[in-house]
Each structure stands twice: as structure tokens, then as C-alpha cells.
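data_39.pdb, holding PDB, C-alpha atoms, pLDDT in the B column:
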```pdb
ATOM      1  CA  MET A   8     103.627-136.058-101.764  1.00 39.00           C
ATOM      2  CA  ASN A   9     100.111-135.090-100.733  1.00 39.00           C
ATOM      3  CA  LEU A  10      98.890-135.079 -97.122  1.00 34.00           C
ATOM      4  CA  ASN A  11      96.895-138.347 -97.385  1.00 34.00           C
ATOM      5  CA  LYS A  12      99.931-140.245 -98.707  1.00 35.00           C
ATOM      6  CA  SER A  13     102.087-138.770 -95.942  1.00 31.00           C
ATOM      7  CA  LEU A  14      99.566-139.804 -93.290  1.00 30.00           C
ATOM      8  CA  LEU A  15      99.278-143.320 -94.742  1.00 33.00           C
ATOM      9  CA  LEU A  16     103.050-143.750 -94.832  1.00 34.00           C
ATOM     10  CA  GLY A  17     103.349-142.479 -91.241  1.00 30.00           C
ATOM     11  CA  LEU A  18     100.557-144.781 -90.077  1.00 32.00           C
ATOM     12  CA  LEU A  19     102.139-147.819 -91.738  1.00 38.00           C
ATOM     13  CA  CYS A  20     105.533-147.080 -90.197  1.00 34.00           C
ATOM     14  CA  THR A  21     103.996-146.576 -86.752  1.00 30.00           C
ATOM     15  CA  CYS A  22     101.926-149.776 -86.950  1.00 36.00           C
ATOM     16  CA  SER A  23     104.965-151.745 -88.094  1.00 40.00           C
ATOM     17  CA  ALA A  24     107.090-150.488 -85.208  1.00 35.00           C
ATOM     18  CA  LEU A  25     104.334-151.231 -82.683  1.00 35.00           C
ATOM     19  CA  ALA A  26     103.704-154.717 -84.026  1.00 46.00           C
ATOM     20  CA  GLN A  27     107.399-155.500 -83.959  1.00 47.00           C
ATOM     21  CA  ALA A  28     107.790-154.212 -80.386  1.00 43.00           C
ATOM     22  CA  ASN A  29     104.976-156.406 -79.069  1.00 57.00           C
ATOM     23  CA  THR A  30     106.100-159.541 -80.933  1.00 61.00           C
ATOM     24  CA  LYS A  31     109.561-159.178 -79.368  1.00 70.00           C
ATOM     25  CA  PHE A  32     107.920-159.008 -75.911  1.00 75.00           C
ATOM     26  CA  ASP A  33     105.834-162.087 -76.705  1.00 75.00           C
ATOM     27  CA  LEU A  34     108.995-164.005 -77.639  1.00 71.00           C
ATOM     28  CA  THR A  35     110.220-163.625 -74.039  1.00 80.00           C
ATOM     29  CA  GLN A  36     107.062-165.252 -72.616  1.00 82.00           C
ATOM     30  CA  GLU A  37     106.529-168.950 -71.891  1.00 88.00           C
ATOM     31  CA  VAL A  38     104.910-171.144 -74.535  1.00 87.00           C
ATOM     32  CA  LYS A  39     101.847-173.159 -73.510  1.00 91.00           C
ATOM     33  CA  ILE A  40     100.425-175.853 -75.793  1.00 92.00           C
ATOM     34  CA  ALA A  41      97.105-177.536 -75.044  1.00 95.00           C
ATOM     35  CA  ALA A  42      96.202-180.541 -77.234  1.00 95.00           C
ATOM     36  CA  ALA A  43      94.168-183.728 -77.255  1.00 96.00           C
ATOM     37  CA  ASN A  44      97.283-185.856 -77.988  1.00 96.00           C
ATOM     38  CA  SER A  45     101.003-185.393 -78.529  1.00 94.00           C
ATOM     39  CA  TYR A  46     103.881-187.429 -79.929  1.00 94.00           C
ATOM     40  CA  ALA A  47     107.578-186.614 -79.530  1.00 91.00           C
ATOM     41  CA  ASP A  48     110.455-188.036 -81.567  1.00 89.00           C
ATOM     42  CA  LEU A  49     113.348-186.450 -79.677  1.00 85.00           C
ATOM     43  CA  LYS A  50     116.050-188.159 -81.732  1.00 85.00           C
ATOM     44  CA  ASN A  51     114.719-186.552 -84.932  1.00 83.00           C
ATOM     45  CA  LYS A  52     113.749-183.262 -83.210  1.00 84.00           C
ATOM     46  CA  ARG A  53     110.048-183.561 -84.063  1.00 88.00           C
ATOM     47  CA  ILE A  54     106.945-183.050 -81.914  1.00 92.00           C
ATOM     48  CA  VAL A  55     103.360-183.444 -83.155  1.00 94.00           C
ATOM     49  CA  TYR A  56     100.253-182.234 -81.321  1.00 95.00           C
ATOM     50  CA  GLU A  57      96.804-183.372 -82.418  1.00 95.00           C
ATOM     51  CA  GLY A  58      93.736-181.321 -81.879  1.00 84.00           C
ATOM     52  CA  PRO A  59      92.153-179.341 -81.235  1.00 95.00           C
ATOM     53  CA  VAL A  60      95.459-177.615 -80.428  1.00 96.00           C
ATOM     54  CA  THR A  61      95.927-174.164 -78.876  1.00 95.00           C
ATOM     55  CA  LEU A  62      99.369-172.579 -78.543  1.00 92.00           C
ATOM     56  CA  THR A  63      99.730-169.381 -76.506  1.00 90.00           C
ATOM     57  CA  GLN A  64     102.780-167.189 -75.934  1.00 88.00           C
ATOM     58  CA  GLY A  65     102.088-163.771 -74.457  1.00 87.00           C
ATOM     59  CA  SER A  66      99.352-162.244 -76.626  1.00 87.00           C
ATOM     60  CA  LEU A  67      99.990-164.722 -79.470  1.00 87.00           C
ATOM     61  CA  VAL A  68      97.317-167.408 -79.919  1.00 92.00           C
ATOM     62  CA  LEU A  69      97.611-170.153 -82.558  1.00 93.00           C
ATOM     63  CA  LYS A  70      94.776-172.666 -83.029  1.00 96.00           C
ATOM     64  CA  ALA A  71      94.925-175.715 -85.285  1.00 97.00           C
ATOM     65  CA  ASP A  72      93.738-179.264 -85.842  1.00 97.00           C
ATOM     66  CA  GLU A  73      97.384-180.394 -85.896  1.00 96.00           C
ATOM     67  CA  LEU A  74     100.557-178.608 -84.840  1.00 95.00           C
ATOM     68  CA  SER A  75     104.051-179.933 -85.436  1.00 93.00           C
ATOM     69  CA  SER A  76     107.455-178.589 -84.558  1.00 90.00           C
ATOM     70  CA  TYR A  77     110.576-179.887 -86.260  1.00 88.00           C
ATOM     71  CA  THR A  78     114.095-179.033 -87.372  1.00 86.00           C
ATOM     72  CA  ASP A  79     114.657-179.254 -91.137  1.00 82.00           C
ATOM     73  CA  GLU A  80     117.493-181.766 -91.681  1.00 81.00           C
ATOM     74  CA  LYS A  81     118.925-179.953 -94.719  1.00 87.00           C
ATOM     75  CA  THR A  82     118.817-176.345 -93.515  1.00 87.00           C
ATOM     76  CA  GLY A  83     118.786-176.771 -89.727  1.00 85.00           C
ATOM     77  CA  LYS A  84     115.915-174.274 -89.519  1.00 88.00           C
ATOM     78  CA  ARG A  85     113.334-174.731 -86.783  1.00 88.00           C
ATOM     79  CA  ILE A  86     109.787-174.836 -88.214  1.00 89.00           C
ATOM     80  CA  LEU A  87     106.360-174.697 -86.601  1.00 91.00           C
ATOM     81  CA  LEU A  88     103.575-176.026 -88.848  1.00 94.00           C
ATOM     82  CA  ALA A  89      99.854-175.627 -88.061  1.00 96.00           C
ATOM     83  CA  LYS A  90      97.153-177.310 -90.142  1.00 97.00           C
ATOM     84  CA  GLY A  91      93.413-176.793 -89.889  1.00 97.00           C
ATOM     85  CA  LYS A  92      90.181-175.875 -91.600  1.00 94.00           C
ATOM     86  CA  PRO A  93      91.369-173.182 -91.010  1.00 96.00           C
ATOM     87  CA  ALA A  94      94.313-172.851 -88.653  1.00 97.00           C
ATOM     88  CA  THR A  95      94.250-169.388 -87.028  1.00 96.00           C
ATOM     89  CA  TYR A  96      96.841-166.967 -85.683  1.00 92.00           C
ATOM     90  CA  SER A  97      96.113-163.904 -83.576  1.00 90.00           C
ATOM     91  CA  GLN A  98      98.437-161.444 -81.850  1.00 86.00           C
ATOM     92  CA  LYS A  99      97.884-158.157 -80.078  1.00 82.00           C
ATOM     93  CA  VAL A 100     100.034-155.206 -81.096  1.00 71.00           C
ATOM     94  CA  GLU A 101     101.272-152.772 -78.482  1.00 66.00           C
ATOM     95  CA  ASP A 102      98.372-150.303 -78.859  1.00 68.00           C
ATOM     96  CA  GLY A 103      95.892-153.096 -78.102  1.00 74.00           C
ATOM     97  CA  ARG A 104      94.733-153.799 -81.647  1.00 78.00           C
ATOM     98  CA  ARG A 105      94.765-157.398 -82.816  1.00 85.00           C
ATOM     99  CA  VAL A 106      96.283-158.825 -86.019  1.00 86.00           C
ATOM    100  CA  GLN A 107      94.566-162.003 -87.199  1.00 91.00           C
ATOM    101  CA  ALA A 108      95.509-164.544 -89.847  1.00 92.00           C
ATOM    102  CA  SER A 109      94.023-167.811 -91.039  1.00 96.00           C
ATOM    103  CA  ALA A 110      94.822-170.483 -93.630  1.00 97.00           C
ATOM    104  CA  ASN A 111      94.606-174.208 -94.195  1.00 97.00           C
ATOM    105  CA  GLU A 112      98.322-174.326 -93.366  1.00 97.00           C
ATOM    106  CA  ILE A 113     100.412-171.846 -91.383  1.00 96.00           C
ATOM    107  CA  SER A 114     104.174-172.362 -91.263  1.00 94.00           C
ATOM    108  CA  TYR A 115     106.476-170.284 -89.103  1.00 89.00           C
ATOM    109  CA  ASN A 116     110.250-170.292 -89.445  1.00 88.00           C
ATOM    110  CA  ILE A 117     111.380-169.599 -85.879  1.00 83.00           C
ATOM    111  CA  ASP A 118     114.904-168.561 -86.930  1.00 84.00           C
ATOM    112  CA  SER A 119     114.033-166.098 -89.721  1.00 86.00           C
ATOM    113  CA  ARG A 120     110.640-165.068 -88.236  1.00 84.00           C
ATOM    114  CA  ILE A 121     108.854-165.615 -91.555  1.00 89.00           C
ATOM    115  CA  MET A 122     105.258-166.823 -91.578  1.00 90.00           C
ATOM    116  CA  GLY A 123     103.757-168.579 -94.592  1.00 95.00           C
ATOM    117  CA  LEU A 124     100.003-169.037 -95.045  1.00 96.00           C
ATOM    118  CA  LYS A 125      98.729-171.479 -97.701  1.00 96.00           C
ATOM    119  CA  GLY A 126      95.204-172.287 -98.833  1.00 95.00           C
ATOM    120  CA  ASN A 127      92.430-169.753 -98.205  1.00 94.00           C
ATOM    121  CA  ALA A 128      94.936-167.399 -96.591  1.00 95.00           C
ATOM    122  CA  GLU A 129      93.787-164.169 -94.921  1.00 93.00           C
ATOM    123  CA  VAL A 130      95.480-161.479 -92.848  1.00 90.00           C
ATOM    124  CA  GLU A 131      93.325-158.838 -91.140  1.00 89.00           C
ATOM    125  CA  GLN A 132      93.889-155.795 -88.930  1.00 83.00           C
ATOM    126  CA  ASP A 133      91.379-153.076 -88.035  1.00 81.00           C
ATOM    127  CA  GLY A 134      88.915-154.239 -90.694  1.00 83.00           C
ATOM    128  CA  SER A 135      91.481-154.080 -93.516  1.00 85.00           C
ATOM    129  CA  LYS A 136      92.170-157.491 -95.037  1.00 90.00           C
ATOM    130  CA  VAL A 137      94.288-159.324 -97.608  1.00 91.00           C
ATOM    131  CA  SER A 138      92.934-162.632 -98.976  1.00 92.00           C
ATOM    132  CA  ALA A 139      94.894-164.901-101.312  1.00 94.00           C
ATOM    133  CA  ASP A 140      95.810-168.502-101.985  1.00 95.00           C
ATOM    134  CA  SER A 141      99.163-167.891-100.271  1.00 95.00           C
ATOM    135  CA  ILE A 142     100.653-165.103 -98.187  1.00 94.00           C
ATOM    136  CA  VAL A 143     104.214-164.748 -96.886  1.00 93.00           C
ATOM    137  CA  TYR A 144     104.773-162.348 -94.003  1.00 86.00           C
ATOM    138  CA  ASP A 145     108.267-161.354 -92.832  1.00 84.00           C
ATOM    139  CA  ILE A 146     107.691-160.244 -89.242  1.00 77.00           C
ATOM    140  CA  GLU A 147     111.119-158.601 -88.802  1.00 75.00           C
ATOM    141  CA  LYS A 148     110.978-156.593 -92.037  1.00 80.00           C
ATOM    142  CA  GLN A 149     107.197-156.028 -91.791  1.00 73.00           C
ATOM    143  CA  GLN A 150     106.797-157.130 -95.425  1.00 82.00           C
ATOM    144  CA  LEU A 151     103.838-159.022 -96.860  1.00 85.00           C
ATOM    145  CA  SER A 152     103.667-160.801-100.216  1.00 90.00           C
ATOM    146  CA  SER A 153     100.515-162.508-101.526  1.00 90.00           C
ATOM    147  CA  GLN A 154      99.755-164.654-104.574  1.00 90.00           C
ATOM    148  CA  SER A 155      96.742-166.214-106.234  1.00 87.00           C
ATOM    149  CA  SER A 156      96.630-169.907-107.099  1.00 86.00           C
ATOM    150  CA  GLY A 157      96.950-169.039-110.797  1.00 84.00           C
ATOM    151  CA  LYS A 158      93.458-170.296-111.619  1.00 85.00           C
ATOM    152  CA  SER A 159      91.497-167.900-113.820  1.00 80.00           C
ATOM    153  CA  ASP A 160      88.889-167.011-111.176  1.00 84.00           C
ATOM    154  CA  ASP A 161      91.333-166.708-108.266  1.00 85.00           C
ATOM    155  CA  GLN A 162      92.734-163.294-107.362  1.00 90.00           C
ATOM    156  CA  VAL A 163      94.478-161.558-104.496  1.00 88.00           C
ATOM    157  CA  ILE A 164      91.868-159.378-102.773  1.00 87.00           C
ATOM    158  CA  THR A 165      92.824-156.393-100.616  1.00 85.00           C
ATOM    159  CA  ILE A 166      90.230-154.442 -98.641  1.00 86.00           C
ATOM    160  CA  ILE A 167      91.353-151.219 -96.987  1.00 84.00           C
ATOM    161  CA  LYS A 168      88.968-149.414 -94.686  1.00 79.00           C
ATOM    162  CA  PRO A 169      88.973-145.659 -95.417  1.00 76.00           C
ATOM    163  CA  GLU A 170      89.472-144.719 -91.777  1.00 68.00           C
ATOM    164  CA  ASN A 171      92.798-146.554 -91.841  1.00 56.00           C
ATOM    165  CA  TYR A 172      94.374-144.175 -94.351  1.00 56.00           C
ATOM    166  CA  GLN A 173      92.292-141.028 -94.803  1.00 55.00           C
ATOM    167  CA  GLN A 174      91.608-138.044 -92.673  1.00 51.00           C
ATOM    168  CA  GLU A 175      88.020-136.911 -92.423  1.00 50.00           C
ATOM    169  CA  LEU A 176      86.865-135.459 -95.716  1.00 52.00           C
ATOM    170  CA  PRO A 177      83.876-133.135 -96.069  1.00 54.00           C
ATOM    171  CA  ILE A 178      80.684-134.782 -97.298  1.00 53.00           C
ATOM    172  CA  LYS A 179      79.633-133.686-100.775  1.00 56.00           C
ATOM    173  CA  GLY A 180      77.472-130.581-100.529  1.00 56.00           C
ATOM    174  CA  GLU A 181      78.866-129.529 -97.138  1.00 54.00           C
ATOM    175  CA  GLN A 182      81.277-126.669 -96.948  1.00 54.00           C
ATOM    176  CA  GLU A 183      84.670-127.277 -95.481  1.00 51.00           C
ATOM    177  CA  GLN A 184      84.877-125.757 -92.013  1.00 51.00           C
ATOM    178  CA  PRO A 185      87.514-123.044 -91.681  1.00 51.00           C
ATOM    179  CA  GLN A 186      90.428-124.068 -89.494  1.00 52.00           C
ATOM    180  CA  PRO A 187      91.569-121.935 -86.582  1.00 52.00           C
ATOM    181  CA  GLN A 188      94.485-119.663 -87.448  1.00 53.00           C
ATOM    182  CA  GLU A 189      97.005-121.701 -85.392  1.00 51.00           C
ATOM    183  CA  GLU A 190      96.356-124.897 -87.375  1.00 49.00           C
ATOM    184  CA  LYS A 191      96.685-123.153 -90.745  1.00 47.00           C
ATOM    185  CA  GLN A 192     100.228-122.026 -89.909  1.00 50.00           C
ATOM    186  CA  GLN A 193     101.521-125.576 -89.357  1.00 48.00           C
TER     187      GLN A 193
END
```
What would the structure in this file look like if it were written as C-alpha cells?
Amino acid sequence: MNLNKSLLLGLLCTCSALAQANTKFDLTQEVKIAAANSYADLKNKRIVYEGPVTLTQGSLVLKADELSSYTDEKTGKRILLAKGKPATYSQKVEDGRRVQASANEISYNIDSRIMGLKGNAEVEQDGSKVSADSIVYDIEKQQLSSQSSGKSDDQVITIIKPENYQQELPIKGEQEQPQPQEEKQQ
């Protein structure tokens, strides 16, 4: 495995651990929801907020035109569903960087900690971005899956900024600077 691949793998593992650590802290914070209107059906375990809606919990910020929270009758899973043009999600990772996501619909399974983004979905961190018709992000496993709509002109687009995975490379025509003896031995 070459050095660049090793650095990329190390960076991804570190970022995943940091993101997971901060999201666990955020889960211990109070939830605040600001909305223009709300409706609660306590018998059926459903609450709907109409917008603009802003949900905050620690560093997590979710903005939508409509936000609903309900328990799925068949599975018993607790679901948070945000709709907007687009609905947006933002959360700060432990090192202070921010992860941002947007889509026409953002669903979050509270029990499994899986986020689904549908319709013009995007996830961005440090200038690197994934755009697709739908994206599924497993927060616990730090796994992301994205799919196009299947239309001929629709594709999954991934943009990775070079500084996120490469060490500084010499510019063409410049000579590589010799490293001090101590660094060469490592």
C-alpha cells in the first residue's frame, strides 16, 4: 500500500471516530424545535411542525419547511422526517469542522441512527461532496451509500478536494527538497 493510500485510510478512520464521538455528545443534549405551527396526535405518537422549522440539539441543526416525528406502527421504529426545498442538516465534528447535508426529504431513524436523503441529496465536508438522487448514511457504522434516479442523465457525483487525501506534492519542474536525515529514517 503506498503512502497516499495509507494517509487517506488513516484520515478516513480518524474523521469517522471524531464524527461519531461528537454525535454521541449531541445525543445527550436537549432538543429545541422552533416552528410556525405544531400539531400533536399523542394517541398515534405523531407530532408535526410546520415551517419554517429549526431543530437544534448540541451542534446539530436541522432546518425544514415541515418536520414530523412518528413511531412506525409496523416496526415500532421512531422516525424523524424533514421536508423542504431543500431541508438541511448540519453538525459539527469534534475537531470543529462541519458536516452538511441537504435534500428534498431527510429521514432519520432514531433507533438505528440511519439517515436517508432523497431528492437532490448532497453531503459535504471540508469541500468534498457527494451528490445523488438518494443517499443513505449509517452514522454508527460511518457508511455512506448513494444512488442515481436511474434516468440516463442522472449520475452520482463525488468531488474530493486534493488536500483531503494527498500530502504536498512537488510542482512539475521543481526539484523535490531533500528531507532531513531524521525524517528519512522513519
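Remark: for A:Leu69, the closest of the candidate residues A:Asn127, A:Ser109, A:Thr95, A:Thr35 is A:Thr95 (distances computed over all atoms listed in the file).
In this model, the gap between atom CA of A:Ala128 and atom CA of A:Val100 comes to 20.4 Å.
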Counting all atoms listed in the file, what is within 9 Å of A:Glu57, bar same-chain residues fewer than 6 positions away, as JSON, numbers by chain?
{"A": [42, 43, 44, 45, 46, 71, 72, 73, 74, 75]}
Explicit residues for the PyMOL selection byres ((chain A and resi 89) around 12) (as a compact mmCIF listing (two decimals) with C-alpha atoms, keeping the file's coordinate frame):
```
# COMPACT_ATOMS: atom_id res chain seq x y z
CA ILE A 54 106.94 -183.05 -81.91
CA VAL A 55 103.36 -183.44 -83.16
CA TYR A 56 100.25 -182.23 -81.32
CA GLU A 57 96.80 -183.37 -82.42
CA GLY A 58 93.74 -181.32 -81.88
CA PRO A 59 92.15 -179.34 -81.24
CA VAL A 60 95.46 -177.62 -80.43
CA THR A 61 95.93 -174.16 -78.88
CA LEU A 62 99.37 -172.58 -78.54
CA VAL A 68 97.32 -167.41 -79.92
CA LEU A 69 97.61 -170.15 -82.56
CA LYS A 70 94.78 -172.67 -83.03
CA ALA A 71 94.92 -175.72 -85.28
CA ASP A 72 93.74 -179.26 -85.84
CA GLU A 73 97.38 -180.39 -85.90
CA LEU A 74 100.56 -178.61 -84.84
CA SER A 75 104.05 -179.93 -85.44
CA SER A 76 107.46 -178.59 -84.56
CA TYR A 77 110.58 -179.89 -86.26
CA ILE A 86 109.79 -174.84 -88.21
CA LEU A 87 106.36 -174.70 -86.60
CA LEU A 88 103.58 -176.03 -88.85
CA LYS A 90 97.15 -177.31 -90.14
CA GLY A 91 93.41 -176.79 -89.89
CA LYS A 92 90.18 -175.88 -91.60
CA PRO A 93 91.37 -173.18 -91.01
CA ALA A 94 94.31 -172.85 -88.65
CA THR A 95 94.25 -169.39 -87.03
CA TYR A 96 96.84 -166.97 -85.68
CA SER A 109 94.02 -167.81 -91.04
CA ALA A 110 94.82 -170.48 -93.63
CA ASN A 111 94.61 -174.21 -94.20
CA GLU A 112 98.32 -174.33 -93.37
CA ILE A 113 100.41 -171.85 -91.38
CA SER A 114 104.17 -172.36 -91.26
CA TYR A 115 106.48 -170.28 -89.10
CA ASN A 116 110.25 -170.29 -89.44
CA MET A 122 105.26 -166.82 -91.58
CA GLY A 123 103.76 -168.58 -94.59
CA LEU A 124 100.00 -169.04 -95.04
CA LYS A 125 98.73 -171.48 -97.70
```
Give me, as a compact mmCIF listing (two decimals) with C-alpha atoms, in the frame of the given file, all polymer residues having an atom no more than 6 Å from stretch 130-147 of chain A, counting only C-alpha atoms and skipping those fewer than 3 positions away in the same chain.
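Output below, filename part36.txt:
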```
# COMPACT_ATOMS: atom_id res chain seq x y z
CA VAL A 106 96.28 -158.82 -86.02
CA GLN A 107 94.57 -162.00 -87.20
CA ALA A 108 95.51 -164.54 -89.85
CA ARG A 120 110.64 -165.07 -88.24
CA ILE A 121 108.85 -165.62 -91.56
CA MET A 122 105.26 -166.82 -91.58
CA GLY A 123 103.76 -168.58 -94.59
CA LEU A 124 100.00 -169.04 -95.04
CA LYS A 125 98.73 -171.48 -97.70
CA GLY A 126 95.20 -172.29 -98.83
CA ASN A 127 92.43 -169.75 -98.20
CA GLN A 150 106.80 -157.13 -95.42
CA LEU A 151 103.84 -159.02 -96.86
CA SER A 152 103.67 -160.80 -100.22
CA SER A 153 100.52 -162.51 -101.53
CA GLN A 154 99.76 -164.65 -104.57
CA SER A 155 96.74 -166.21 -106.23
CA SER A 156 96.63 -169.91 -107.10
CA VAL A 163 94.48 -161.56 -104.50
CA ILE A 164 91.87 -159.38 -102.77
CA THR A 165 92.82 -156.39 -100.62
CA ILE A 166 90.23 -154.44 -98.64
CA ILE A 167 91.35 -151.22 -96.99
CA LYS A 168 88.97 -149.41 -94.69
```
Atom CA of A:Glu129 to atom CA of A:Thr82 measures 27.9 Å
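In this model, the gap between atom CA of A:Ala41 and atom CA of A:Gln64 comes to 11.8 Å.
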Selection result for the PyMOL selection byres ((chain A and resi 34) around 12) on this file, as a list in words
Gln27, Ala28, Asn29, Thr30, Lys31, Phe32, Asp33, Thr35, Gln36, Glu37, Val38, Thr63, Gln64, Gly65, Ser66, Leu67, Gln98, Ile117, Asp118 and Arg120 of chain A
Edge lengths and centre, in Å to one decimal, as JSON: that's what I need for the box along x, y and z that holds all listed atoms of stretch 96-106 of chain A plus 6 Å on each side.
```
{"center_x": 98.0, "center_y": -158.6, "center_z": -82.1, "size_x": 18.5, "size_y": 28.7, "size_z": 19.9}
```
